[in-house]
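Asker: Quick one: structure below, then a few questions.
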Amino acid sequence: MAETNNHPPLDGNALVALSLRRAGVDRMFGVVGIPVTALATRAVTLGVRFIAFHNEQSAGYAASAYGYLTGRPGILLTVSGPGCVHGLAGVSNAAVNAWPMIMISGSCDQGYFGRGDFQELDQVEAVKPFSKLSVRVRDIKEVPRCVFEVIGKAGSGRPGGCYLDLPTDVLHQTVSEAEAEELLVEAEKGVEKEVIGIVGQSEIEKAVSLLRHAERPLIVFGKGAAIARAENGLKKLVETTGIPFLPTPMGKGLLPDTHELAATAARSLAIGKCDVALIVGARLNWLLHFGEPPKWSKDVKFILVDISKEEIELRKPCLGLVGDAAKVVEMINKEIKDDPFCLGKTHPWVEAIQKKANENVSKMEAQLAKDVVPFNFLTPMRIIRDAILGVGSPAPIVVSEGANTMDVGRSVLVQTEPRTRLDAGTWGTMGVGLGYCIAAAVASPDRLVVAVEGDSGFGFSAMEVECIGLELLQTQRVCLVEFVIVHLLHQNVTPCISAVRSTLVRYQLPVVVIVFNNGGVYGGDRRSPEEITGPFKDDPAPTSFVPGAAYHLLIEAFGGKGYLVGTPDELKSALTESFAARKPAVINVTIDPYAGAESGRLQHKN
Ligand code: ADP
């Protein structure tokens with residue numbers, strides 16, 4: 001296509017980058033290579049921060065969590081074929097957790113498809129089962145429309161993953177700058193978002209009446225309420241009505257865990273005995289025992305608030321309110337304001353919950369108070385909890401994965417602010433840790449990020465510590481910059497210092513990764529003598545890793561700080577130093593290999 005106005009034409013990579021920027025994208029995660037390297041480079045020149053990973057899987061997890069934390073689709077960029085397949089992990093994670101995310105992958109040349117082209121795969125079909133929308137751009141002129149379409153789709157209605165396929169031949173086509181501008185303007189006009197119905201006033205009245213007349217009401221909220229930023233409305237609802245509340249694992253922090261109406265420590269009683277449960281942005285899936293006996297009473301009346309009509313139809317609640325959680329809660333609050341009711345502190349239900357919660361907290365605190373060495377899971381978790389609470393506001397974002405580490409962490413660590421907990425989520429995905437840490441640090445630069453991980457979970461993506469480590473030793477970096485500058489000056493070349501720097505400095509994210517190292521999945525080799533038979537009996541157990549692995553040294557390879565700790569004093573000192581430094585660190589905590597249970601709290605499923 002001809003050049004106009006002396007501006008060079010834009011190729012497909014440049015037009016995708018420009019379209020993303022125009023659609024408001026300012027952060028991307030990914031791995032570059034054929035045929036999309038120029039897309040990332042161009043995006044950076046347009047003001048997009050590109051976080052380069054080692055593996056698309058971790059980058060995809062990062063993009064999904066970024067979508068959750070910000071409410072805007074996280075963007076994953078991958079190469080074709082295997083890059084796209086690795087990225088599927090991220091898109092599927094976004095789909096199952098209902099988080100907004102877009103995977104953008106280069107793909108093989110359309111003209112050679114079916115003849116064994118480089119990294120050939122029908123990527124649109126491969127991603128379809130995990131995405132709300134999976135589209136191939138067939139001509140450069142479709143680029144802006146397709147970009148705006150996937151962004152509109154991923155972020156509206158029930159959030160989820162979308163996929164954009166960029167064939168190599170399309171990336172090599174060109175358009176003039178003037179034509180690109182016309183296409184962009186057209187695309188901006190045509191953005192379509194999923195329409196969410198407005199809940200009728202009569203349904204709100206029904207919901208309030210159910211809550212008002214309940215003897216044992218309960219409010220449950222989850223990550224749908226978090227993504228809707230419903231925390232202020234929920235606080236008002238809980239505090240004006242005096243109804244106890246229960247957060248799901250990632251709903252923790254929407255109201256502080258320390259709130260006097262928190263039923264977290266009396267969970268079994270709360271869900272087992274409540275007669276009306278208002279569930280806001282949480283699914284009645286395995287995490288909430290499908291809303292069925294024996295965990296729930298068979299007579300409980302559910303009021304479900306969810307943005308997805310299908311979700312409500314699936315669960316068949318007593319009352320379903322389809323809509324955005326923040327808006328629906330606001331409507332409920334408004335309705336209550338006209339005729340307020342409050343259970344009050346002496347209400348038998350509130351008293352029963354508080355009594356049970358206090359008993360359970362006291363029992364747990366008695367266990368936590370002991371300094372057990374070699375470490376069990378509780379002693380280091382208490383020390384970490386206290387260190388995190390000591391940071392104050394803004395509270396750190398806690399990333400948690402592993403079987404025992406995550407289970408114990410969920411009970412012991414205290415969440416005081418919304419969206420400060422990321423864990424294995426609805427899909428029970430292990431290996432999300434490092435990606436989530438990086439996403440959290442990028443999404444909330446003012447917060448410290450603390451990962452509390454099992455050694456198995458950490459191992460899935462441990463190489464990404466280079467991405468947080470990203471700090472060449474300060475002296476090394478300065479020497480290298482000076483060397484390049486002096487060298488260039490010597491040759492009478494004026495160096496562009498920022499360009500030199502950008503090649504040398506990675507992201508230096510304030511992430512402290514704490515690895516609970518018990519030498520394997522659930523612990524080390526736990527086989528009974530009868531199980532150790534067969535031709536490979538001398539191999540370690542399938543659950544074992546190298547005992548005493550020096551995980552802390554990994555980060556030191558990249559200029560971060562590593563700590564090996566095995567006593568309370570050593571752990572406290574490492575936490576104090578690394579939290580204050582706000583620099584990448586890995587704390588390798590030696591745990592008794594016999595301390596954890598196989599499969600954590602899900603033993604019945606193994
Ligand atoms: P949790 O794991 O915390 O129990 P789930 O992921 O199971 O939460 O459920 C979250 C629910 O929230 C999903 O069914 C999703 O459709 C819904 N959701 C997502 N965004 C919103 C929103 N803005 N308002 C209301 N519900 C939402």
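Each chain in the structure tokens gets a letter, A, B, ..., in the order shown, and its residues are numbered from 1; ligands are numbered from 1 in order too.
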Just want the 10 Å neighbourhood of range 204-214 of chain A, counted on only C-alpha atoms, with same-chain residues fewer than 5 positions away dropped. Output as JSON, numbers by chain.

Answerer: {"A": [199, 219, 241, 243, 274, 275, 276, 277, 278, 301, 302, 303, 304, 318, 319, 320, 321, 328, 329, 331, 332, 333, 334, 335, 336, 339, 340, 341, 342, 343]}

Asker: Assign secondary structure with DSSP using the backbone only, and return the residues of range 117-335 of chain A in strand (DSSP E) as JSON, numbers by chain.

Answerer: {"A": [133, 134, 135, 136, 161, 162, 163, 164, 165, 166, 167, 174, 175, 217, 218, 219, 220, 221, 245, 246, 247, 276, 277, 278, 279, 280, 301, 302, 303, 304, 305, 306, 319, 320, 321, 322]}

Asker: Report, in Å with one decimal, the straight-line distance from atom 10 (C, counted along the ligand's line) of ligand 1 to CA of Lys223 in chain A.

Answerer: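 Result for atom 10 (C, counted along the ligand's line) of ligand 1 versus CA of Lys223 in chain A: 5.1 Å, one decimal.
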
Asker: Looking at only C-alpha atoms and all ligand atoms, which of A:Gly520, A:Gly392, A:Pro244, A:Gly428 is the one that sits closest to ligand 1?

Answerer: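 Distance minimum relative to ligand 1 lands on A:Gly428.
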
Asker: Using only C-alpha atoms, which residues sit within 6 Å of range 20-28 of chain A once same-chain residues fewer than 3 positions away are excluded, as a PyMOL selection string?

Answerer: chain A and resi 17+48-50+75

Asker: Determine, for each residue of chain A having at least one atom at most 8 Å from an atom of ligand 1, the closest pair of atoms and their separation in Å to one decimal, counting only C-alpha atoms and all ligand atoms; order by chain and ascending number, as CSV.

Answerer:
residue,atom,partner,partner_atom_place_in_ligand_line,distance
A:Val96,CA,ligand 1,6 (O),7.4
A:Asn97,CA,ligand 1,6 (O),4.9
A:Ala98,CA,ligand 1,15 (C),5.8
A:Trp99,CA,ligand 1,19 (C),7.5
A:Gly157,CA,ligand 1,20 (N),7.3
A:Arg158,CA,ligand 1,16 (O),4.7
A:Pro159,CA,ligand 1,19 (C),6.0
A:Phe221,CA,ligand 1,3 (O),6.7
A:Gly222,CA,ligand 1,3 (O),3.2
A:Lys223,CA,ligand 1,3 (O),3.9
A:Gly224,CA,ligand 1,12 (O),3.2
A:Ala225,CA,ligand 1,24 (N),5.8
A:Ala226,CA,ligand 1,20 (N),8.0
A:Ile227,CA,ligand 1,20 (N),5.7
A:Ala228,CA,ligand 1,23 (N),3.9
A:Arg229,CA,ligand 1,23 (N),7.7
A:Pro247,CA,ligand 1,3 (O),7.5
A:Thr248,CA,ligand 1,3 (O),4.8
A:Pro249,CA,ligand 1,3 (O),6.2
A:Met250,CA,ligand 1,3 (O),5.2
A:Gly251,CA,ligand 1,3 (O),5.3
A:Val280,CA,ligand 1,26 (N),6.7
A:Gly281,CA,ligand 1,12 (O),3.5
A:Ala282,CA,ligand 1,9 (O),3.4
A:Arg283,CA,ligand 1,7 (O),3.8
A:Leu284,CA,ligand 1,7 (O),6.9
A:Asn285,CA,ligand 1,7 (O),6.5
A:Leu287,CA,ligand 1,4 (O),6.3
A:Leu288,CA,ligand 1,4 (O),6.9
A:Val305,CA,ligand 1,25 (C),6.1
A:Asp306,CA,ligand 1,26 (N),3.7
A:Ile307,CA,ligand 1,26 (N),4.0
A:Ser308,CA,ligand 1,16 (O),4.8
A:Glu311,CA,ligand 1,14 (O),5.9
A:Val322,CA,ligand 1,25 (C),7.6
A:Gly323,CA,ligand 1,25 (C),5.7
A:Asp324,CA,ligand 1,24 (N),3.5
A:Ala325,CA,ligand 1,24 (N),3.7
A:Ala326,CA,ligand 1,24 (N),6.6
A:Gly425,CA,ligand 1,2 (O),6.1
A:Thr426,CA,ligand 1,2 (O),5.3

Asker: List the neighbours of Ala441 in chain A out to 8 Å using only C-alpha atoms; skip same-chain residues closer than 5 positions along the sequence, and give me the result as a ChimeraX atom specification.

Answerer: /A:447-449,509-511

Asker: Restricted to N, CA and C atoms, what would the selected residues look like written as a PDB file, in the first residue's frame?

Answerer:
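So the final result, stored in again_38.pdb, reads:
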ATOM      1  N   ARG A 447       2.036  -1.318  46.893  1.00  0.00           N
ATOM      2  CA  ARG A 447       1.925  -2.390  47.892  1.00  0.00           C
ATOM      3  C   ARG A 447       3.122  -3.337  47.820  1.00  0.00           C
ATOM      4  N   LEU A 448       3.503  -3.826  48.991  1.00  0.00           N
ATOM      5  CA  LEU A 448       4.458  -4.926  49.058  1.00  0.00           C
ATOM      6  C   LEU A 448       3.708  -6.190  48.634  1.00  0.00           C
ATOM      7  N   VAL A 449       4.385  -7.110  47.986  1.00  0.00           N
ATOM      8  CA  VAL A 449       3.762  -8.384  47.626  1.00  0.00           C
ATOM      9  C   VAL A 449       4.502  -9.493  48.372  1.00  0.00           C
ATOM     10  N   LEU A 509      10.808  -5.504  41.312  1.00  0.00           N
ATOM     11  CA  LEU A 509       9.494  -5.466  41.951  1.00  0.00           C
ATOM     12  C   LEU A 509       9.608  -5.784  43.446  1.00  0.00           C
ATOM     13  N   PRO A 510       8.795  -5.110  44.262  1.00  0.00           N
ATOM     14  CA  PRO A 510       8.882  -5.343  45.707  1.00  0.00           C
ATOM     15  C   PRO A 510       8.168  -6.633  46.109  1.00  0.00           C
ATOM     16  N   VAL A 511       8.776  -7.760  45.767  1.00  0.00           N
ATOM     17  CA  VAL A 511       8.141  -9.061  46.008  1.00  0.00           C
ATOM     18  C   VAL A 511       9.033  -9.906  46.916  1.00  0.00           C
TER      19      VAL A 511
END

Asker: As a ChimeraX atom specification, please: every residue in range 227-345 of chain A that DSSP puts in helix (DSSP H, G or I).

Answerer: /A:227,231-241,264-273,286-291,309-315,325-338

Asker: Take the residues just selected and output them with C-alpha atoms as a short mmCIF file (atom, residue, chain, number, x, y, z; two decimals), in the first residue's frame.

Answerer:
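New file result_35.cif:
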data_model
loop_
_atom_site.label_atom_id
_atom_site.label_comp_id
_atom_site.auth_asym_id
_atom_site.auth_seq_id
_atom_site.Cartn_x
_atom_site.Cartn_y
_atom_site.Cartn_z
CA ILE A 227 -14.06 -7.47 41.08
CA GLU A 231 -16.75 -3.49 49.57
CA ASN A 232 -18.26 -0.17 50.66
CA GLY A 233 -21.81 -1.34 50.00
CA LEU A 234 -21.18 -4.65 51.77
CA LYS A 235 -19.71 -2.89 54.81
CA LYS A 236 -22.78 -0.69 55.01
CA LEU A 237 -25.11 -3.66 54.61
CA VAL A 238 -23.36 -5.73 57.29
CA GLU A 239 -23.09 -2.88 59.74
CA THR A 240 -26.63 -1.52 59.38
CA THR A 241 -28.27 -4.96 59.61
CA THR A 264 -14.83 -17.01 59.22
CA ALA A 265 -13.72 -18.74 62.41
CA ALA A 266 -17.22 -20.18 62.85
CA ARG A 267 -17.65 -21.25 59.22
CA SER A 268 -19.24 -24.65 59.81
CA LEU A 269 -21.80 -23.23 62.20
CA ALA A 270 -22.55 -20.25 59.97
CA ILE A 271 -23.23 -22.23 56.81
CA GLY A 272 -24.69 -25.23 58.60
CA LYS A 273 -27.31 -23.31 60.52
CA TRP A 286 -17.13 -27.06 45.34
CA LEU A 287 -15.71 -24.20 47.39
CA LEU A 288 -19.14 -23.60 48.92
CA HIS A 289 -20.11 -27.29 48.99
CA PHE A 290 -22.64 -26.78 46.17
CA GLY A 291 -25.01 -25.16 48.67
CA LYS A 309 -27.92 -15.12 34.40
CA GLU A 310 -26.70 -18.64 33.50
CA GLU A 311 -25.06 -18.98 36.90
CA ILE A 312 -28.31 -18.16 38.64
CA GLU A 313 -30.31 -20.49 36.41
CA LEU A 314 -27.84 -23.28 37.14
CA ARG A 315 -28.14 -22.99 40.93
CA ALA A 325 -22.69 -6.79 42.76
CA ALA A 326 -21.90 -3.21 43.75
CA LYS A 327 -25.09 -1.89 42.13
CA VAL A 328 -27.35 -4.61 43.54
CA VAL A 329 -25.94 -4.19 47.06
CA GLU A 330 -26.46 -0.46 46.75
CA MET A 331 -30.12 -1.05 45.82
CA ILE A 332 -30.54 -3.37 48.81
CA ASN A 333 -29.02 -0.76 51.12
CA LYS A 334 -31.36 1.88 49.73
CA GLU A 335 -34.37 -0.32 50.33
CA ILE A 336 -33.28 -1.06 53.92
CA LYS A 337 -32.63 2.62 54.63
CA ASP A 338 -36.34 3.37 54.30
#

Asker: Give me, please, the distance in Å between CA of Met103 in chain A and CA of Tyr163 in chain A, quoted to one decimal.

Answerer: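 One can read the CA of Met103 in chain A to CA of Tyr163 in chain A distance as 4.9 Å.
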
Asker: Which one is closest to Ser461 in chain A: A:Tyr61, A:Phe130, A:Phe579, A:Phe29? Count only C-alpha atoms.

Answerer: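 So, comparing all the options, the nearest one is A:Tyr61.
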
Asker: Near Gly519 in chain A, counting only C-alpha atoms, which residues have an atom at most 12 Å away, once you skip same-chain residues fewer than 2 positions from it, shown as an MDAnalysis selection string?

Answerer: chainID A and resid 454:459 515:517 521:526 540:551 588:596

Asker: Dump N, CA and C atoms for the selected residues as an mmCIF file, in the first residue's frame?

Answerer:
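Wrote part_19.cif, looks like this:
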data_model
loop_
_atom_site.group_PDB
_atom_site.id
_atom_site.type_symbol
_atom_site.label_atom_id
_atom_site.label_comp_id
_atom_site.auth_asym_id
_atom_site.auth_seq_id
_atom_site.Cartn_x
_atom_site.Cartn_y
_atom_site.Cartn_z
ATOM 1 N N GLY A 454 4.209 -23.278 48.984
ATOM 2 C CA GLY A 454 4.861 -24.561 49.195
ATOM 3 C C GLY A 454 6.010 -24.692 48.208
ATOM 4 N N ASP A 455 6.958 -25.587 48.496
ATOM 5 C CA ASP A 455 8.095 -25.727 47.578
ATOM 6 C C ASP A 455 7.645 -26.293 46.237
ATOM 7 N N SER A 456 6.594 -27.102 46.245
ATOM 8 C CA SER A 456 6.097 -27.645 44.986
ATOM 9 C C SER A 456 5.503 -26.529 44.126
ATOM 10 N N GLY A 457 4.629 -25.722 44.710
ATOM 11 C CA GLY A 457 4.013 -24.602 43.983
ATOM 12 C C GLY A 457 5.073 -23.652 43.445
ATOM 13 N N PHE A 458 6.065 -23.362 44.264
ATOM 14 C CA PHE A 458 7.142 -22.451 43.859
ATOM 15 C C PHE A 458 7.887 -23.003 42.645
ATOM 16 N N GLY A 459 8.118 -24.327 42.675
ATOM 17 C CA GLY A 459 8.914 -24.950 41.615
ATOM 18 C C GLY A 459 8.303 -24.838 40.231
ATOM 19 N N VAL A 515 9.245 -19.546 50.771
ATOM 20 C CA VAL A 515 9.034 -20.938 50.341
ATOM 21 C C VAL A 515 9.021 -21.847 51.572
ATOM 22 N N PHE A 516 7.901 -22.546 51.758
ATOM 23 C CA PHE A 516 7.829 -23.549 52.828
ATOM 24 C C PHE A 516 8.421 -24.833 52.264
ATOM 25 N N ASN A 517 9.655 -25.091 52.659
ATOM 26 C CA ASN A 517 10.432 -26.161 52.032
ATOM 27 C C ASN A 517 10.387 -27.428 52.881
ATOM 28 N N VAL A 521 6.089 -32.707 47.421
ATOM 29 C CA VAL A 521 4.652 -32.448 47.332
ATOM 30 C C VAL A 521 4.040 -33.066 48.598
ATOM 31 N N TYR A 522 3.466 -32.263 49.439
ATOM 32 C CA TYR A 522 2.903 -32.654 50.754
ATOM 33 C C TYR A 522 3.981 -32.951 51.794
ATOM 34 N N GLY A 523 5.207 -33.136 51.401
ATOM 35 C CA GLY A 523 6.283 -33.536 52.317
ATOM 36 C C GLY A 523 7.216 -34.439 51.535
ATOM 37 N N GLY A 524 8.142 -35.039 52.187
ATOM 38 C CA GLY A 524 9.109 -35.870 51.460
ATOM 39 C C GLY A 524 8.553 -37.249 51.138
ATOM 40 N N ASP A 525 9.381 -38.246 51.317
ATOM 41 C CA ASP A 525 9.006 -39.636 51.023
ATOM 42 C C ASP A 525 8.233 -40.201 52.206
ATOM 43 N N ARG A 526 6.926 -40.390 52.002
ATOM 44 C CA ARG A 526 6.102 -40.866 53.120
ATOM 45 C C ARG A 526 5.624 -42.290 52.897
ATOM 46 N N PRO A 540 13.498 -42.050 44.413
ATOM 47 C CA PRO A 540 12.720 -41.367 45.451
ATOM 48 C C PRO A 540 11.225 -41.444 45.143
ATOM 49 N N ALA A 541 10.404 -41.212 46.136
ATOM 50 C CA ALA A 541 8.949 -41.268 45.954
ATOM 51 C C ALA A 541 8.505 -40.204 44.946
ATOM 52 N N PRO A 542 7.380 -40.445 44.234
ATOM 53 C CA PRO A 542 6.871 -39.424 43.306
ATOM 54 C C PRO A 542 6.599 -38.087 43.992
ATOM 55 N N THR A 543 6.436 -38.102 45.303
ATOM 56 C CA THR A 543 6.163 -36.844 46.018
ATOM 57 C C THR A 543 7.439 -36.111 46.445
ATOM 58 N N SER A 544 8.614 -36.738 46.249
ATOM 59 C CA SER A 544 9.848 -36.160 46.843
ATOM 60 C C SER A 544 10.577 -35.205 45.912
ATOM 61 N N PHE A 545 11.154 -34.187 46.518
ATOM 62 C CA PHE A 545 12.139 -33.348 45.835
ATOM 63 C C PHE A 545 13.466 -33.503 46.570
ATOM 64 N N VAL A 546 14.505 -32.840 46.058
ATOM 65 C CA VAL A 546 15.796 -32.884 46.749
ATOM 66 C C VAL A 546 15.610 -32.313 48.156
ATOM 67 N N PRO A 547 15.916 -33.078 49.181
ATOM 68 C CA PRO A 547 15.740 -32.527 50.530
ATOM 69 C C PRO A 547 16.688 -31.348 50.741
ATOM 70 N N GLY A 548 16.202 -30.349 51.423
ATOM 71 C CA GLY A 548 17.041 -29.188 51.753
ATOM 72 C C GLY A 548 17.470 -28.382 50.537
ATOM 73 N N ALA A 549 16.661 -28.390 49.467
ATOM 74 C CA ALA A 549 17.031 -27.639 48.251
ATOM 75 C C ALA A 549 17.262 -26.160 48.576
ATOM 76 N N ALA A 550 18.300 -25.589 47.966
ATOM 77 C CA ALA A 550 18.700 -24.211 48.311
ATOM 78 C C ALA A 550 17.955 -23.195 47.434
ATOM 79 N N TYR A 551 16.641 -23.151 47.572
ATOM 80 C CA TYR A 551 15.835 -22.260 46.719
ATOM 81 C C TYR A 551 16.245 -20.790 46.838
ATOM 82 N N ASN A 588 13.834 -19.021 52.163
ATOM 83 C CA ASN A 588 13.704 -20.479 52.104
ATOM 84 C C ASN A 588 13.537 -20.983 53.545
ATOM 85 N N VAL A 589 12.317 -21.409 53.884
ATOM 86 C CA VAL A 589 12.013 -21.790 55.270
ATOM 87 C C VAL A 589 12.036 -23.318 55.381
ATOM 88 N N THR A 590 12.921 -23.821 56.191
ATOM 89 C CA THR A 590 13.018 -25.281 56.344
ATOM 90 C C THR A 590 11.889 -25.782 57.242
ATOM 91 N N ILE A 591 11.066 -26.671 56.664
ATOM 92 C CA ILE A 591 9.903 -27.204 57.389
ATOM 93 C C ILE A 591 10.125 -28.699 57.615
ATOM 94 N N ASP A 592 9.669 -29.184 58.737
ATOM 95 C CA ASP A 592 9.724 -30.619 59.029
ATOM 96 C C ASP A 592 9.010 -31.396 57.910
ATOM 97 N N PRO A 593 9.701 -32.303 57.205
ATOM 98 C CA PRO A 593 9.055 -32.996 56.063
ATOM 99 C C PRO A 593 7.852 -33.843 56.470
ATOM 100 N N TYR A 594 7.711 -34.105 57.759
ATOM 101 C CA TYR A 594 6.556 -34.907 58.199
ATOM 102 C C TYR A 594 5.415 -34.039 58.733
ATOM 103 N N ALA A 595 5.547 -32.712 58.612
ATOM 104 C CA ALA A 595 4.549 -31.838 59.240
ATOM 105 C C ALA A 595 3.236 -31.758 58.463
ATOM 106 N N GLY A 596 3.248 -31.858 57.162
ATOM 107 C CA GLY A 596 2.024 -31.638 56.376
ATOM 108 C C GLY A 596 1.245 -32.907 56.116
#

Asker: Please report the interatomic distance between CA of Glu453 in chain A and CA of Val91 in chain A in Å with one decimal.

Answerer: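 Those two atoms sit 22.4 Å apart.
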
Asker: Compare A:Phe148, A:Phe118, A:Tyr68, A:Phe113 by their minimum atom-to-atom distance to Lys189 in chain A, counting only C-alpha atoms, and give me the closest one.

Answerer: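 Of A:Phe148, A:Phe118, A:Tyr68, A:Phe113, the one nearest Lys189 in chain A is A:Phe148, counting only C-alpha atoms.
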
Asker: Tell me, as a PyMOL selection string, which residues lie within 9 Å of range 365-370 of chain A, counting only C-alpha atoms; anything in the same chain fewer than 3 positions away does not count.

Answerer: chain A and resi 360-362+378-382+412

Asker: Skip Glu142 in chain A itself and residues of its chain fewer than 4 positions away, then list as a PyMOL selection string all residues within 12 Å of it, counting only C-alpha atoms.

Answerer: chain A and resi 12+15-16+19+135-138+146-149+164-166+170-171+173-175+179-180+182-184+186-187
